[in-house]
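K.L.:
Dropping a structure here in structure tokens format, bear with me for questions.
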Amino acid sequence: MKYTFSLSTQPERQRATLSLYVLNSLLLATHIALEFYYYSLGAHIMAIVNIFSILFYSMSFISLNKKDFSRYGYATYGEICVHSILATILIGWDAGFQLWLVAIISAYFFPHFEDPDNRHTKKGLSSSIFFGVGAFIAYMTLFVLHAAGITGSFAKKVSPRTILLTNGMNSFIVFTTVLSFTFVFVRRLNKTQERLNDMALHDSLTGLFNRYALTPVIEEAENIANAKQSTFSVAIADLDHFKKINDTYGHDTGDYVLREFAKILQEESPENTVVGRWGGEEFLIVMAGDMETMGIHMEALRKRIEGLDLQHKNHRIPLTISIGYAGYRIGDSLQKTLLDADQMLYEAKESGRNIVKP
């Protein structure tokens, strides 16, 4: 598995577009329902304002088709703020339209969070915070106007029961919205954390465990060996003349060779074996069992690599490996076992390379 730095992948863009399509559809359906509600109340001013809201969300599908997520976020924020403020001023604080401003604080982060190109930028986060603070200021301003008795001129024409039902409707919409976005944020954060953890444990080029991940594996093998009075073996494999491959054919060919070797190393590894990239062109193999078993498998690996017919960019790449291995003995330190394997690797290279040395 190969990882790249960019997180802007095609599946992420498809998920972002689908999520915002669903969000826009829900907002459009809500405003269509509000149109009937405003007319039933006789709130003609809000009914006219709401027609513009319906037209806005109908036209917003064009922005989503163009993948213009940020502009969609700005425009949606403005529409909800204006609609919420006007509805609160005309129908009154007790109807609960000001609660939409609470929902927009969390909802406004959604387009930036879903936009792969913007969610990791300081600009995207700063603008979300800025408009979130703006929604809070608008909410507190409406509260002051309500306390001063300025809001709710139309509410006097509406029954208290209707106002109460309206408040319940708005409360339901707002809490559902906040819970939905919270669920989305937590789910995406968990996926991102899993991905980062996986990237931290694996070599980005070969997909094998990296040195950071291999260290606890070896330590665990040592603990098991001491507890069960058993043994295990470690081997270090080194690609012969790898620098020459890079210098002669280029680093992209060198990367190709590393990936191919990693695949073969996994294919040749028996059960109860862990392999990984130890560093550069060196690979570590940790195998349960004695040195004799390790030697048999390492010799088979050496022969397979020697017989490879690697072709890359119309070049045949000759490849051999040198391997040094050692067995863990109870009472020895783990460091000593690794040093023994490394010493055997050194002797294999000094002996002419393409050798397995116990």
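Starting from 1 in every chain, residues are counted up; chains themselves are A, B, ... following the order of the structure tokens, and ligands are numbered from 1 as listed.
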Could you give me, as a tab-separated table (two decimals) with N, CA and C atoms, in the first residue's frame, the residues within 9 Å of region 304-306 of chain A, counting only C-alpha atoms and dropping anything in the same chain fewer than 5 positions from it?
P.N.:
chain	number	residue	atom	x	y	z
A	261	PHE	N	10.82	-6.29	-4.45
A	261	PHE	CA	11.43	-7.14	-3.42
A	261	PHE	C	10.49	-7.30	-2.23
A	264	ILE	N	7.88	-9.90	-2.97
A	264	ILE	CA	8.43	-11.26	-2.92
A	264	ILE	C	8.73	-11.67	-1.49
A	299	GLU	N	17.57	-18.98	2.39
A	299	GLU	CA	18.25	-19.48	1.19
A	299	GLU	C	17.27	-19.55	0.02
A	318	PRO	N	19.60	-6.44	-12.84
A	318	PRO	CA	20.15	-7.59	-12.09
A	318	PRO	C	20.03	-7.32	-10.59
A	319	LEU	N	19.62	-8.33	-9.85
A	319	LEU	CA	19.41	-8.13	-8.42
A	319	LEU	C	19.79	-9.38	-7.64
A	320	THR	N	20.57	-9.17	-6.60
A	320	THR	CA	20.87	-10.23	-5.63
A	320	THR	C	20.76	-9.63	-4.24
A	321	ILE	N	20.74	-10.49	-3.23
A	321	ILE	CA	20.65	-10.02	-1.86
A	321	ILE	C	21.66	-10.75	-0.99
A	354	ASN	N	25.51	-11.84	-2.25
A	354	ASN	CA	24.61	-12.91	-2.74
A	354	ASN	C	24.81	-14.18	-1.90
K.L.:
Mind checking which residues fall within 9 Å of region 167-175 of chain A, counting only C-alpha atoms, ignoring those fewer than 5 positions away in the same chain, and posting them as a list in words?
P.N.:
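Skipping anything fewer than 5 positions along the chain leaves Trp93, Asp94, Ala95, Gly96, Phe97, Gln98, Leu99, Trp100, Leu101, Val102, Ala103, Ile104, Thr162 and Ser180 of chain A.
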K.L.:
Keeping only C-alpha atoms, write those residues as a PDB file, in the first residue's frame.
P.N.:
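Output (result19.pdb):
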ATOM      1  CA  TRP A  93     -38.023  34.977  19.971  1.00  0.00           C
ATOM      2  CA  ASP A  94     -40.410  32.394  21.395  1.00  0.00           C
ATOM      3  CA  ALA A  95     -40.875  30.798  17.954  1.00  0.00           C
ATOM      4  CA  GLY A  96     -37.235  29.655  18.081  1.00  0.00           C
ATOM      5  CA  PHE A  97     -35.976  30.721  14.655  1.00  0.00           C
ATOM      6  CA  GLN A  98     -32.894  32.203  16.327  1.00  0.00           C
ATOM      7  CA  LEU A  99     -31.845  28.640  17.152  1.00  0.00           C
ATOM      8  CA  TRP A 100     -30.858  28.204  13.515  1.00  0.00           C
ATOM      9  CA  LEU A 101     -27.928  30.478  14.286  1.00  0.00           C
ATOM     10  CA  VAL A 102     -26.763  27.884  16.811  1.00  0.00           C
ATOM     11  CA  ALA A 103     -26.948  25.160  14.170  1.00  0.00           C
ATOM     12  CA  ILE A 104     -25.006  27.251  11.663  1.00  0.00           C
ATOM     13  CA  THR A 162     -48.856  27.854  17.338  1.00  0.00           C
ATOM     14  CA  SER A 180     -25.899  14.904  12.485  1.00  0.00           C
TER      15      SER A 180
END
K.L.:
Using DSSP secondary structure from the backbone, list all helix (DSSP H, G or I) positions within region 139-345 of chain A, as number ranges by chain.
P.N.:
A: 139-147, 155-157, 160-201, 211-228, 242-249, 251-268, 291-306, 334-345
K.L.:
If we count only C-alpha atoms and set the cut-off at 8 Å, which residues sit around Phe232 (chain A), ignoring sequence neighbours fewer than 5 positions away in its own chain? Please answer as a PDB file with C-alpha atoms, in the first residue's frame.
P.N.:
ATOM      1  CA  ALA A 221       8.780 -11.953  20.343  1.00  0.00           C
ATOM      2  CA  GLU A 222      11.428 -11.696  23.073  1.00  0.00           C
ATOM      3  CA  ALA A 225      10.324 -16.588  23.995  1.00  0.00           C
ATOM      4  CA  VAL A 286      11.388 -11.947  12.446  1.00  0.00           C
ATOM      5  CA  MET A 287      10.481 -15.630  12.401  1.00  0.00           C
ATOM      6  CA  ALA A 288       9.292 -17.991  15.104  1.00  0.00           C
ATOM      7  CA  GLY A 289      11.529 -21.047  15.322  1.00  0.00           C
ATOM      8  CA  ASP A 290      15.176 -21.955  15.326  1.00  0.00           C
ATOM      9  CA  MET A 291      18.038 -20.814  13.112  1.00  0.00           C
ATOM     10  CA  GLY A 327      18.822 -16.814  16.756  1.00  0.00           C
ATOM     11  CA  TYR A 328      17.618 -15.400  20.046  1.00  0.00           C
TER      12      TYR A 328
END
K.L.:
With a distance cut-off of 10 Å and only C-alpha atoms, select the neighbouring residues of Asp198 (chain A), excluding the residue or stretch itself and same-chain residues fewer than 4 positions from it, and output the selection as a PDB file with C-alpha atoms, in the first residue's frame.
P.N.:
ATOM      1  CA  TYR A   3       0.590   6.556   0.607  1.00  0.00           C
ATOM      2  CA  THR A 192      -8.424  10.114   9.676  1.00  0.00           C
ATOM      3  CA  GLN A 193      -6.901   8.857  12.927  1.00  0.00           C
ATOM      4  CA  GLU A 194      -6.931   5.271  11.650  1.00  0.00           C
ATOM      5  CA  HIS A 202       3.987   1.403   7.448  1.00  0.00           C
ATOM      6  CA  ASP A 203       6.684   2.322   5.000  1.00  0.00           C
ATOM      7  CA  SER A 204       5.147   4.650   2.412  1.00  0.00           C
ATOM      8  CA  GLY A 207       3.662  -0.870   2.420  1.00  0.00           C
ATOM      9  CA  PHE A 209       6.038  -2.320   8.530  1.00  0.00           C
ATOM     10  CA  ALA A 213       6.382  -0.682  13.977  1.00  0.00           C
TER      11      ALA A 213
END
K.L.:
What is the CA of Ala235 (chain A)-CA of Glu292 (chain A) distance in Å, reported with one decimal?
P.N.:
12.1 Å
